[in-house]
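Structure file structure09.cif (mmCIF, N, CA, C and O atoms) follows.
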```cif
data_start
loop_
_atom_site.label_atom_id
_atom_site.label_comp_id
_atom_site.auth_asym_id
_atom_site.auth_seq_id
_atom_site.Cartn_x
_atom_site.Cartn_y
_atom_site.Cartn_z
N MET A 1 273.93 -28.88 249.36
CA MET A 1 274.87 -27.78 249.33
C MET A 1 274.13 -26.50 248.96
O MET A 1 273.21 -26.51 248.15
N SER A 2 274.58 -25.41 249.50
CA SER A 2 273.92 -24.14 249.25
C SER A 2 274.26 -23.62 247.85
O SER A 2 275.26 -24.01 247.25
N SER A 3 273.45 -22.71 247.38
CA SER A 3 273.68 -22.15 246.05
C SER A 3 274.95 -21.30 246.02
O SER A 3 275.64 -21.23 245.00
N ALA A 4 275.32 -20.67 247.13
CA ALA A 4 276.54 -19.87 247.19
C ALA A 4 277.78 -20.75 246.98
O ALA A 4 278.73 -20.35 246.31
N LEU A 5 277.74 -21.95 247.55
CA LEU A 5 278.86 -22.87 247.37
C LEU A 5 278.97 -23.32 245.92
O LEU A 5 280.06 -23.39 245.36
N TRP A 6 277.83 -23.62 245.29
CA TRP A 6 277.84 -24.02 243.88
C TRP A 6 278.36 -22.89 243.00
O TRP A 6 279.12 -23.13 242.05
N ILE A 7 277.99 -21.66 243.31
CA ILE A 7 278.49 -20.51 242.53
C ILE A 7 280.00 -20.39 242.69
O ILE A 7 280.71 -20.14 241.72
N ALA A 8 280.50 -20.58 243.91
CA ALA A 8 281.94 -20.52 244.15
C ALA A 8 282.67 -21.63 243.39
O ALA A 8 283.74 -21.40 242.81
N VAL A 9 282.12 -22.83 243.39
CA VAL A 9 282.74 -23.95 242.68
C VAL A 9 282.76 -23.67 241.18
O VAL A 9 283.78 -23.89 240.51
N LEU A 10 281.65 -23.19 240.63
CA LEU A 10 281.60 -22.89 239.20
C LEU A 10 282.54 -21.75 238.83
O LEU A 10 283.20 -21.79 237.79
N ALA A 11 282.62 -20.73 239.68
CA ALA A 11 283.54 -19.62 239.41
C ALA A 11 284.99 -20.11 239.44
O ALA A 11 285.81 -19.71 238.59
N SER A 12 285.32 -20.99 240.38
CA SER A 12 286.68 -21.54 240.44
C SER A 12 286.98 -22.39 239.21
O SER A 12 288.08 -22.31 238.65
N ALA A 13 286.01 -23.19 238.80
CA ALA A 13 286.20 -24.03 237.61
C ALA A 13 286.38 -23.17 236.36
O ALA A 13 287.26 -23.44 235.53
N LEU A 14 285.57 -22.13 236.22
CA LEU A 14 285.68 -21.24 235.07
C LEU A 14 287.01 -20.50 235.07
O LEU A 14 287.68 -20.38 234.04
N GLY A 15 287.42 -20.02 236.23
CA GLY A 15 288.72 -19.34 236.34
C GLY A 15 289.87 -20.26 235.98
O GLY A 15 290.80 -19.87 235.27
N THR A 16 289.83 -21.50 236.45
CA THR A 16 290.88 -22.46 236.14
C THR A 16 290.92 -22.76 234.65
O THR A 16 291.99 -22.84 234.05
N LEU A 17 289.74 -22.94 234.05
CA LEU A 17 289.67 -23.19 232.62
C LEU A 17 290.25 -22.03 231.83
O LEU A 17 291.06 -22.22 230.91
N LEU A 18 289.85 -20.81 232.18
CA LEU A 18 290.32 -19.64 231.43
C LEU A 18 291.82 -19.41 231.59
O LEU A 18 292.48 -18.98 230.63
N MET A 19 292.38 -19.72 232.77
CA MET A 19 293.82 -19.54 232.97
C MET A 19 294.62 -20.49 232.07
O MET A 19 295.77 -20.21 231.74
N ARG A 20 294.03 -21.60 231.69
CA ARG A 20 294.72 -22.53 230.81
C ARG A 20 294.36 -22.31 229.34
O ARG A 20 295.20 -22.45 228.46
N LEU A 21 293.13 -21.97 229.08
CA LEU A 21 292.65 -21.86 227.71
C LEU A 21 293.11 -20.59 227.01
O LEU A 21 293.53 -20.64 225.84
N LEU A 22 293.05 -19.45 227.68
CA LEU A 22 293.40 -18.19 227.03
C LEU A 22 294.85 -18.14 226.54
O LEU A 22 295.10 -17.75 225.40
N PRO A 23 295.85 -18.54 227.35
CA PRO A 23 297.22 -18.55 226.80
C PRO A 23 297.39 -19.52 225.64
O PRO A 23 298.13 -19.24 224.69
N LEU A 24 296.70 -20.65 225.69
CA LEU A 24 296.78 -21.62 224.60
C LEU A 24 296.23 -21.02 223.31
O LEU A 24 296.88 -21.09 222.25
N LEU A 25 295.06 -20.41 223.37
CA LEU A 25 294.47 -19.79 222.19
C LEU A 25 295.33 -18.64 221.68
O LEU A 25 295.51 -18.47 220.47
N TRP A 26 295.88 -17.84 222.60
CA TRP A 26 296.72 -16.72 222.21
C TRP A 26 297.96 -17.20 221.46
O TRP A 26 298.32 -16.66 220.41
N MET A 27 298.62 -18.27 221.97
CA MET A 27 299.82 -18.78 221.31
C MET A 27 299.48 -19.44 219.98
O MET A 27 300.26 -19.33 219.03
N GLN A 28 298.34 -20.12 219.89
CA GLN A 28 297.96 -20.71 218.62
C GLN A 28 297.78 -19.63 217.55
O GLN A 28 298.26 -19.79 216.42
N ARG A 29 297.12 -18.55 217.90
CA ARG A 29 296.94 -17.45 216.93
C ARG A 29 298.27 -16.82 216.56
O ARG A 29 298.51 -16.47 215.41
N ARG A 30 299.14 -16.65 217.54
CA ARG A 30 300.45 -16.06 217.28
C ARG A 30 301.25 -16.94 216.33
O ARG A 30 301.89 -16.44 215.40
N LEU A 31 301.24 -18.25 216.55
CA LEU A 31 301.98 -19.16 215.67
C LEU A 31 301.38 -19.21 214.27
O LEU A 31 302.11 -19.32 213.28
N GLU A 32 300.06 -19.13 214.17
CA GLU A 32 299.42 -19.10 212.85
C GLU A 32 299.82 -17.85 212.07
O GLU A 32 300.04 -17.90 210.86
N ARG A 33 299.92 -16.71 212.75
CA ARG A 33 300.32 -15.47 212.10
C ARG A 33 301.76 -15.52 211.62
O ARG A 33 302.11 -14.91 210.62
N GLN A 34 302.62 -16.25 212.34
CA GLN A 34 304.02 -16.31 211.97
C GLN A 34 304.29 -17.36 210.90
O GLN A 34 305.41 -17.49 210.44
N GLY A 35 303.31 -18.14 210.56
CA GLY A 35 303.48 -19.13 209.49
C GLY A 35 304.06 -20.43 210.00
O GLY A 35 303.60 -20.99 210.99
N ASP A 36 305.11 -20.91 209.35
CA ASP A 36 305.69 -22.22 209.67
C ASP A 36 306.70 -22.18 210.79
O ASP A 36 307.26 -23.20 211.15
N ASP A 37 306.96 -21.02 211.34
CA ASP A 37 307.97 -20.89 212.38
C ASP A 37 307.38 -21.27 213.74
O ASP A 37 306.88 -20.44 214.47
N ASP A 38 307.43 -22.58 214.09
CA ASP A 38 306.93 -23.01 215.40
C ASP A 38 308.09 -23.45 216.30
O ASP A 38 308.00 -24.40 217.04
N SER A 39 309.19 -22.73 216.19
CA SER A 39 310.36 -23.02 217.03
C SER A 39 310.25 -22.23 218.33
O SER A 39 309.30 -21.49 218.57
N LEU A 40 311.24 -22.40 219.18
CA LEU A 40 311.25 -21.69 220.46
C LEU A 40 311.38 -20.19 220.29
O LEU A 40 310.96 -19.42 221.15
N GLU A 41 311.95 -19.75 219.17
CA GLU A 41 312.09 -18.31 218.94
C GLU A 41 310.73 -17.64 218.76
O GLU A 41 310.60 -16.44 218.91
N ALA A 42 309.70 -18.42 218.41
CA ALA A 42 308.37 -17.86 218.22
C ALA A 42 307.72 -17.48 219.55
O ALA A 42 306.82 -16.64 219.58
N MET A 43 308.17 -18.08 220.65
CA MET A 43 307.60 -17.76 221.96
C MET A 43 308.13 -16.42 222.46
O MET A 43 309.32 -16.15 222.34
N PRO A 44 307.26 -15.61 223.00
CA PRO A 44 307.76 -14.35 223.58
C PRO A 44 308.62 -14.62 224.81
O PRO A 44 308.38 -15.58 225.54
N HIS A 45 309.60 -13.78 225.03
CA HIS A 45 310.54 -13.98 226.14
C HIS A 45 309.85 -13.94 227.50
O HIS A 45 310.17 -14.71 228.39
N TRP A 46 308.87 -13.05 227.67
CA TRP A 46 308.21 -12.90 228.97
C TRP A 46 307.44 -14.15 229.36
O TRP A 46 307.23 -14.41 230.54
N LEU A 47 307.02 -14.96 228.37
CA LEU A 47 306.26 -16.16 228.69
C LEU A 47 307.11 -17.19 229.42
O LEU A 47 306.61 -17.93 230.27
N SER A 48 308.40 -17.23 229.13
CA SER A 48 309.29 -18.18 229.80
C SER A 48 309.55 -17.78 231.25
O SER A 48 310.01 -18.61 232.04
N LEU A 49 309.26 -16.54 231.63
CA LEU A 49 309.47 -16.08 233.00
C LEU A 49 308.29 -16.37 233.92
O LEU A 49 308.42 -16.31 235.14
N LEU A 50 307.13 -16.67 233.36
CA LEU A 50 305.93 -16.84 234.18
C LEU A 50 306.02 -18.02 235.13
O LEU A 50 305.61 -17.92 236.29
N GLY A 51 306.55 -19.15 234.68
CA GLY A 51 306.65 -20.34 235.54
C GLY A 51 307.47 -20.07 236.80
O GLY A 51 306.98 -20.29 237.92
N PRO A 52 308.72 -19.62 236.66
CA PRO A 52 309.51 -19.32 237.87
C PRO A 52 308.87 -18.25 238.75
O PRO A 52 308.95 -18.33 239.97
N LEU A 53 308.21 -17.25 238.15
CA LEU A 53 307.57 -16.21 238.96
C LEU A 53 306.41 -16.79 239.78
O LEU A 53 306.22 -16.42 240.94
N MET A 54 305.63 -17.69 239.17
CA MET A 54 304.52 -18.30 239.91
C MET A 54 305.03 -19.19 241.04
O MET A 54 304.46 -19.20 242.13
N ILE A 55 306.10 -19.91 240.79
CA ILE A 55 306.68 -20.76 241.85
C ILE A 55 307.20 -19.89 242.99
O ILE A 55 307.00 -20.21 244.17
N ALA A 56 307.85 -18.79 242.67
CA ALA A 56 308.34 -17.88 243.72
C ALA A 56 307.18 -17.30 244.52
O ALA A 56 307.27 -17.16 245.74
N ALA A 57 306.08 -16.96 243.84
CA ALA A 57 304.92 -16.42 244.55
C ALA A 57 304.32 -17.46 245.48
O ALA A 57 303.97 -17.16 246.63
N LEU A 58 304.23 -18.70 245.02
CA LEU A 58 303.70 -19.77 245.88
C LEU A 58 304.62 -20.03 247.07
O LEU A 58 304.15 -20.29 248.18
N LEU A 59 305.92 -19.96 246.86
CA LEU A 59 306.86 -20.14 247.96
C LEU A 59 306.70 -19.04 248.99
O LEU A 59 306.65 -19.30 250.19
N GLY A 60 306.55 -17.81 248.53
CA GLY A 60 306.37 -16.69 249.46
C GLY A 60 305.11 -16.84 250.29
O GLY A 60 305.10 -16.60 251.50
N VAL A 61 304.02 -17.25 249.65
CA VAL A 61 302.76 -17.44 250.36
C VAL A 61 302.87 -18.61 251.33
O VAL A 61 302.34 -18.58 252.44
N SER A 62 303.57 -19.66 250.93
CA SER A 62 303.69 -20.84 251.78
C SER A 62 304.52 -20.59 253.03
O SER A 62 304.31 -21.23 254.06
N LEU A 63 305.47 -19.69 252.95
CA LEU A 63 306.33 -19.44 254.10
C LEU A 63 305.72 -18.50 255.13
O LEU A 63 306.23 -18.39 256.23
N MET A 64 304.64 -17.85 254.80
CA MET A 64 303.98 -16.95 255.75
C MET A 64 302.95 -17.72 256.56
O MET A 64 302.00 -18.24 256.00
N PRO A 65 303.13 -17.83 257.88
CA PRO A 65 302.17 -18.56 258.70
C PRO A 65 300.79 -17.91 258.68
O PRO A 65 300.67 -16.69 258.57
N VAL A 66 299.76 -18.74 258.80
CA VAL A 66 298.39 -18.24 258.79
C VAL A 66 298.13 -17.40 260.03
O VAL A 66 297.56 -16.32 259.96
N ALA A 67 298.52 -17.92 261.19
CA ALA A 67 298.35 -17.20 262.45
C ALA A 67 299.75 -16.90 262.99
O ALA A 67 300.33 -17.73 263.69
N PRO A 68 300.32 -15.74 262.65
CA PRO A 68 301.68 -15.45 263.08
C PRO A 68 301.83 -15.49 264.61
O PRO A 68 301.05 -14.88 265.33
N GLY A 69 302.78 -16.25 265.04
CA GLY A 69 303.10 -16.39 266.45
C GLY A 69 304.42 -17.12 266.56
O GLY A 69 304.96 -17.61 265.55
N ALA A 70 304.96 -17.21 267.74
CA ALA A 70 306.26 -17.85 267.93
C ALA A 70 306.25 -19.30 267.47
O ALA A 70 307.16 -19.77 266.78
N THR A 71 305.19 -20.05 267.83
CA THR A 71 305.12 -21.46 267.46
C THR A 71 305.02 -21.64 265.96
O THR A 71 305.72 -22.48 265.38
N SER A 72 304.16 -20.87 265.32
CA SER A 72 303.99 -21.04 263.87
C SER A 72 305.24 -20.61 263.10
O SER A 72 305.61 -21.25 262.12
N TRP A 73 305.92 -19.56 263.55
CA TRP A 73 307.16 -19.17 262.88
C TRP A 73 308.25 -20.22 263.08
O TRP A 73 308.98 -20.55 262.14
N LEU A 74 308.35 -20.76 264.30
CA LEU A 74 309.34 -21.80 264.56
C LEU A 74 309.05 -23.04 263.72
O LEU A 74 309.95 -23.64 263.13
N ALA A 75 307.77 -23.44 263.65
CA ALA A 75 307.39 -24.60 262.85
C ALA A 75 307.69 -24.37 261.37
O ALA A 75 308.15 -25.27 260.68
N THR A 76 307.45 -23.15 260.88
CA THR A 76 307.73 -22.83 259.48
C THR A 76 309.22 -22.92 259.19
O THR A 76 309.64 -23.50 258.18
N VAL A 77 310.04 -22.35 260.08
CA VAL A 77 311.50 -22.37 259.88
C VAL A 77 312.01 -23.81 259.93
O VAL A 77 312.80 -24.23 259.07
N ILE A 78 311.57 -24.59 260.91
CA ILE A 78 312.04 -25.98 261.03
C ILE A 78 311.55 -26.81 259.85
O ILE A 78 312.29 -27.63 259.30
N GLY A 79 310.31 -26.59 259.42
CA GLY A 79 309.81 -27.30 258.24
C GLY A 79 310.58 -26.97 256.98
O GLY A 79 310.91 -27.85 256.19
N ALA A 80 310.90 -25.68 256.80
CA ALA A 80 311.68 -25.28 255.62
C ALA A 80 313.09 -25.86 255.68
O ALA A 80 313.62 -26.33 254.66
N LEU A 81 313.71 -25.85 256.86
CA LEU A 81 315.06 -26.43 256.99
C LEU A 81 315.04 -27.93 256.75
O LEU A 81 315.96 -28.47 256.10
N ALA A 82 314.02 -28.62 257.24
CA ALA A 82 313.90 -30.05 257.00
C ALA A 82 313.72 -30.33 255.51
O ALA A 82 314.32 -31.25 254.95
N THR A 83 312.91 -29.51 254.86
CA THR A 83 312.70 -29.66 253.41
C THR A 83 314.01 -29.49 252.65
O THR A 83 314.35 -30.30 251.79
N LEU A 84 314.74 -28.44 252.98
CA LEU A 84 316.02 -28.19 252.30
C LEU A 84 317.04 -29.29 252.58
O LEU A 84 317.77 -29.70 251.68
N ALA A 85 317.09 -29.76 253.82
CA ALA A 85 318.06 -30.81 254.17
C ALA A 85 317.77 -32.10 253.41
O ALA A 85 318.69 -32.73 252.87
N VAL A 86 316.51 -32.50 253.37
CA VAL A 86 316.18 -33.74 252.67
C VAL A 86 316.36 -33.57 251.16
O VAL A 86 316.83 -34.47 250.48
N TRP A 87 316.04 -32.39 250.64
CA TRP A 87 316.27 -32.16 249.21
C TRP A 87 317.76 -32.22 248.90
O TRP A 87 318.17 -32.78 247.90
N TRP A 88 318.57 -31.62 249.76
CA TRP A 88 320.02 -31.62 249.54
C TRP A 88 320.56 -33.04 249.50
O TRP A 88 321.45 -33.34 248.73
N ARG A 89 319.99 -33.90 250.32
CA ARG A 89 320.44 -35.30 250.38
C ARG A 89 319.91 -36.13 249.22
O ARG A 89 320.65 -36.92 248.64
N THR A 90 318.63 -35.98 248.87
CA THR A 90 318.01 -36.87 247.89
C THR A 90 317.90 -36.29 246.49
O THR A 90 317.81 -37.04 245.52
N ARG A 91 317.83 -34.97 246.38
CA ARG A 91 317.62 -34.28 245.10
C ARG A 91 316.35 -34.77 244.38
O ARG A 91 316.32 -34.93 243.17
N THR A 92 315.31 -35.02 245.16
CA THR A 92 314.01 -35.40 244.61
C THR A 92 312.97 -34.38 245.05
O THR A 92 313.29 -33.44 245.78
N LEU A 93 311.72 -34.58 244.64
CA LEU A 93 310.67 -33.64 245.02
C LEU A 93 309.77 -34.16 246.13
O LEU A 93 309.35 -33.41 246.99
N GLY A 94 309.45 -35.43 246.12
CA GLY A 94 308.48 -35.98 247.07
C GLY A 94 308.96 -36.06 248.50
O GLY A 94 308.27 -35.60 249.42
N TRP A 95 310.12 -36.63 248.71
CA TRP A 95 310.62 -36.81 250.08
C TRP A 95 310.86 -35.50 250.82
O TRP A 95 310.54 -35.38 252.00
N PRO A 96 311.41 -34.49 250.18
CA PRO A 96 311.58 -33.22 250.89
C PRO A 96 310.25 -32.61 251.34
O PRO A 96 310.16 -32.08 252.45
N VAL A 97 309.23 -32.67 250.50
CA VAL A 97 307.93 -32.13 250.88
C VAL A 97 307.36 -32.89 252.06
O VAL A 97 306.87 -32.31 253.03
N ALA A 98 307.45 -34.22 252.00
CA ALA A 98 306.96 -35.05 253.11
C ALA A 98 307.71 -34.74 254.40
O ALA A 98 307.11 -34.61 255.47
N ALA A 99 309.03 -34.58 254.31
CA ALA A 99 309.82 -34.28 255.50
C ALA A 99 309.46 -32.91 256.08
O ALA A 99 309.36 -32.75 257.30
N GLY A 100 309.26 -31.93 255.23
CA GLY A 100 308.87 -30.60 255.69
C GLY A 100 307.52 -30.60 256.38
O GLY A 100 307.34 -29.97 257.42
N VAL A 101 306.57 -31.33 255.80
CA VAL A 101 305.23 -31.41 256.41
C VAL A 101 305.30 -32.11 257.76
O VAL A 101 304.69 -31.66 258.74
N VAL A 102 306.05 -33.20 257.83
CA VAL A 102 306.18 -33.93 259.10
C VAL A 102 306.86 -33.07 260.15
O VAL A 102 306.43 -33.02 261.31
N ALA A 103 307.94 -32.38 259.77
CA ALA A 103 308.65 -31.52 260.73
C ALA A 103 307.75 -30.39 261.21
O ALA A 103 307.69 -30.10 262.42
N TYR A 104 307.04 -29.77 260.30
CA TYR A 104 306.12 -28.68 260.66
C TYR A 104 305.04 -29.21 261.61
O TYR A 104 304.77 -28.60 262.66
N GLY A 105 304.44 -30.33 261.25
CA GLY A 105 303.40 -30.92 262.09
C GLY A 105 303.90 -31.32 263.46
O GLY A 105 303.21 -31.14 264.47
N ALA A 106 305.12 -31.86 263.51
CA ALA A 106 305.68 -32.28 264.80
C ALA A 106 305.88 -31.08 265.72
O ALA A 106 305.56 -31.14 266.92
N VAL A 107 306.40 -29.99 265.17
CA VAL A 107 306.63 -28.80 266.00
C VAL A 107 305.30 -28.23 266.49
O VAL A 107 305.15 -27.88 267.66
N VAL A 108 304.31 -28.18 265.62
CA VAL A 108 303.01 -27.64 266.01
C VAL A 108 302.37 -28.53 267.08
O VAL A 108 301.78 -28.04 268.06
N MET A 109 302.46 -29.85 266.91
CA MET A 109 301.86 -30.77 267.89
C MET A 109 302.59 -30.71 269.23
O MET A 109 301.95 -30.76 270.28
N LEU A 110 303.91 -30.62 269.21
CA LEU A 110 304.68 -30.62 270.45
C LEU A 110 304.56 -29.30 271.21
O LEU A 110 304.50 -29.30 272.45
N LEU A 111 304.53 -28.19 270.48
CA LEU A 111 304.50 -26.89 271.15
C LEU A 111 303.12 -26.26 271.22
O LEU A 111 302.92 -25.30 271.95
N GLY A 112 302.18 -26.78 270.43
CA GLY A 112 300.86 -26.16 270.35
C GLY A 112 299.91 -26.68 271.32
O GLY A 112 299.57 -26.79 272.34
#
```
Serialized structure, structure tokens:
Amino acid sequence: MSSALWIAVLASALGTLLMRLLPLLWMQRRLERQGDDDSLEAMPHWLSLLGPLMIAALLGVSLMPVAPGATSWLATVIGALATLAVWWRTRTLGWPVAAGVVAYGAVVMLLG
């Protein structure tokens, strides 16, 4: 493997570590400053919003086709509808994702 690839892998690993470590260290220091109050009230309100915001950002990125065209938009819409339909029926996480991937792949294979 080239040195550029190793640098990219190490940078990704370091970024992933820091994204998890820095909030943990920050909250530990905050809780230590507040003393024995380690209840939910000790957490800042904005921290509870980060999870839903990240999920919304991932959903937005996932719905945008890589190569915009009629086939990719149709496959995206059909995949999203299949995902929603299976989720509505099963109320689980795994089967809807599998159904969306299969529907998306089927449309791309049939029309592409």
(request) May I ask for the distance between atom O of Pro68 (chain A) and atom C of Val108 (chain A), given in Å to one decimal place? (result) 13.8 Å
(request) In Å, rounded to a single decimal, give me how far atom O of Pro44 (chain A) is from atom C of Met27 (chain A). (result) 11.2 Å
(message) as a list in words, please: the residues near Val97 (chain A) (cut-off 7 Å, all atoms listed in the file, same-chain neighbours under 4 positions excluded).
(response) Gly79, Ala82, Thr83, Trp87, Thr92, Leu93, Val101, Val102 and Ala103 of chain A
Since I can't run it myself right now, could you work out what the PyMOL selection byres ((chain A and resi 78) around 8) selects here and report it as a compact mmCIF listing (two decimals) with N, CA, C and O atoms, in the coordinates of the input?
```
# COMPACT_ATOMS: atom_id res chain seq x y z
N THR A 71 305.19 -20.05 267.83
CA THR A 71 305.12 -21.46 267.46
C THR A 71 305.02 -21.64 265.96
O THR A 71 305.72 -22.48 265.38
N SER A 72 304.16 -20.87 265.32
CA SER A 72 303.99 -21.04 263.87
C SER A 72 305.24 -20.61 263.10
O SER A 72 305.61 -21.25 262.12
N TRP A 73 305.92 -19.56 263.55
CA TRP A 73 307.16 -19.17 262.88
C TRP A 73 308.25 -20.22 263.08
O TRP A 73 308.98 -20.55 262.14
N LEU A 74 308.35 -20.76 264.30
CA LEU A 74 309.34 -21.80 264.56
C LEU A 74 309.05 -23.04 263.72
O LEU A 74 309.95 -23.64 263.13
N ALA A 75 307.77 -23.44 263.65
CA ALA A 75 307.39 -24.60 262.85
C ALA A 75 307.69 -24.37 261.37
O ALA A 75 308.15 -25.27 260.68
N THR A 76 307.45 -23.15 260.88
CA THR A 76 307.73 -22.83 259.48
C THR A 76 309.22 -22.92 259.19
O THR A 76 309.64 -23.50 258.18
N VAL A 77 310.04 -22.35 260.08
CA VAL A 77 311.50 -22.37 259.88
C VAL A 77 312.01 -23.81 259.93
O VAL A 77 312.80 -24.23 259.07
N GLY A 79 310.31 -26.59 259.42
CA GLY A 79 309.81 -27.30 258.24
C GLY A 79 310.58 -26.97 256.98
O GLY A 79 310.91 -27.85 256.19
N ALA A 80 310.90 -25.68 256.80
CA ALA A 80 311.68 -25.28 255.62
C ALA A 80 313.09 -25.86 255.68
O ALA A 80 313.62 -26.33 254.66
N LEU A 81 313.71 -25.85 256.86
CA LEU A 81 315.06 -26.43 256.99
C LEU A 81 315.04 -27.93 256.75
O LEU A 81 315.96 -28.47 256.10
N ALA A 82 314.02 -28.62 257.24
CA ALA A 82 313.90 -30.05 257.00
C ALA A 82 313.72 -30.33 255.51
O ALA A 82 314.32 -31.25 254.95
N THR A 83 312.91 -29.51 254.86
CA THR A 83 312.70 -29.66 253.41
C THR A 83 314.01 -29.49 252.65
O THR A 83 314.35 -30.30 251.79
N LEU A 84 314.74 -28.44 252.98
CA LEU A 84 316.02 -28.19 252.30
C LEU A 84 317.04 -29.29 252.58
O LEU A 84 317.77 -29.70 251.68
N ALA A 85 317.09 -29.76 253.82
CA ALA A 85 318.06 -30.81 254.17
C ALA A 85 317.77 -32.10 253.41
O ALA A 85 318.69 -32.73 252.87
N ALA A 99 309.03 -34.58 254.31
CA ALA A 99 309.82 -34.28 255.50
C ALA A 99 309.46 -32.91 256.08
O ALA A 99 309.36 -32.75 257.30
N GLY A 100 309.26 -31.93 255.23
CA GLY A 100 308.87 -30.60 255.69
C GLY A 100 307.52 -30.60 256.38
O GLY A 100 307.34 -29.97 257.42
N VAL A 101 306.57 -31.33 255.80
CA VAL A 101 305.23 -31.41 256.41
C VAL A 101 305.30 -32.11 257.76
O VAL A 101 304.69 -31.66 258.74
N VAL A 102 306.05 -33.20 257.83
CA VAL A 102 306.18 -33.93 259.10
C VAL A 102 306.86 -33.07 260.15
O VAL A 102 306.43 -33.02 261.31
N ALA A 103 307.94 -32.38 259.77
CA ALA A 103 308.65 -31.52 260.73
C ALA A 103 307.75 -30.39 261.21
O ALA A 103 307.69 -30.10 262.42
N TYR A 104 307.04 -29.77 260.30
CA TYR A 104 306.12 -28.68 260.66
C TYR A 104 305.04 -29.21 261.61
O TYR A 104 304.77 -28.60 262.66
N VAL A 107 306.40 -29.99 265.17
CA VAL A 107 306.63 -28.80 266.00
C VAL A 107 305.30 -28.23 266.49
O VAL A 107 305.15 -27.88 267.66
```
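Atom to atom, atom N of Gly51 (chain A) and atom C of Met19 (chain A) stand 12.3 Å apart.
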(request) Please identify which residues in chain A DSSP calls alpha helix (DSSP H) from the backbone, and express them as JSON, numbers by chain. (result) {"A": [3, 4, 5, 6, 7, 8, 9, 10, 11, 12, 13, 14, 15, 16, 17, 18, 19, 20, 21, 22, 23, 24, 25, 26, 27, 28, 29, 30, 31, 32, 33, 34, 47, 48, 49, 50, 51, 52, 53, 54, 55, 56, 57, 58, 59, 60, 61, 62, 63, 70, 71, 72, 73, 74, 75, 76, 77, 78, 79, 80, 81, 82, 83, 84, 85, 86, 87, 88, 89, 90, 94, 95, 96, 97, 98, 99, 100, 101, 102, 103, 104, 105, 106, 107, 108, 109, 110, 111]}
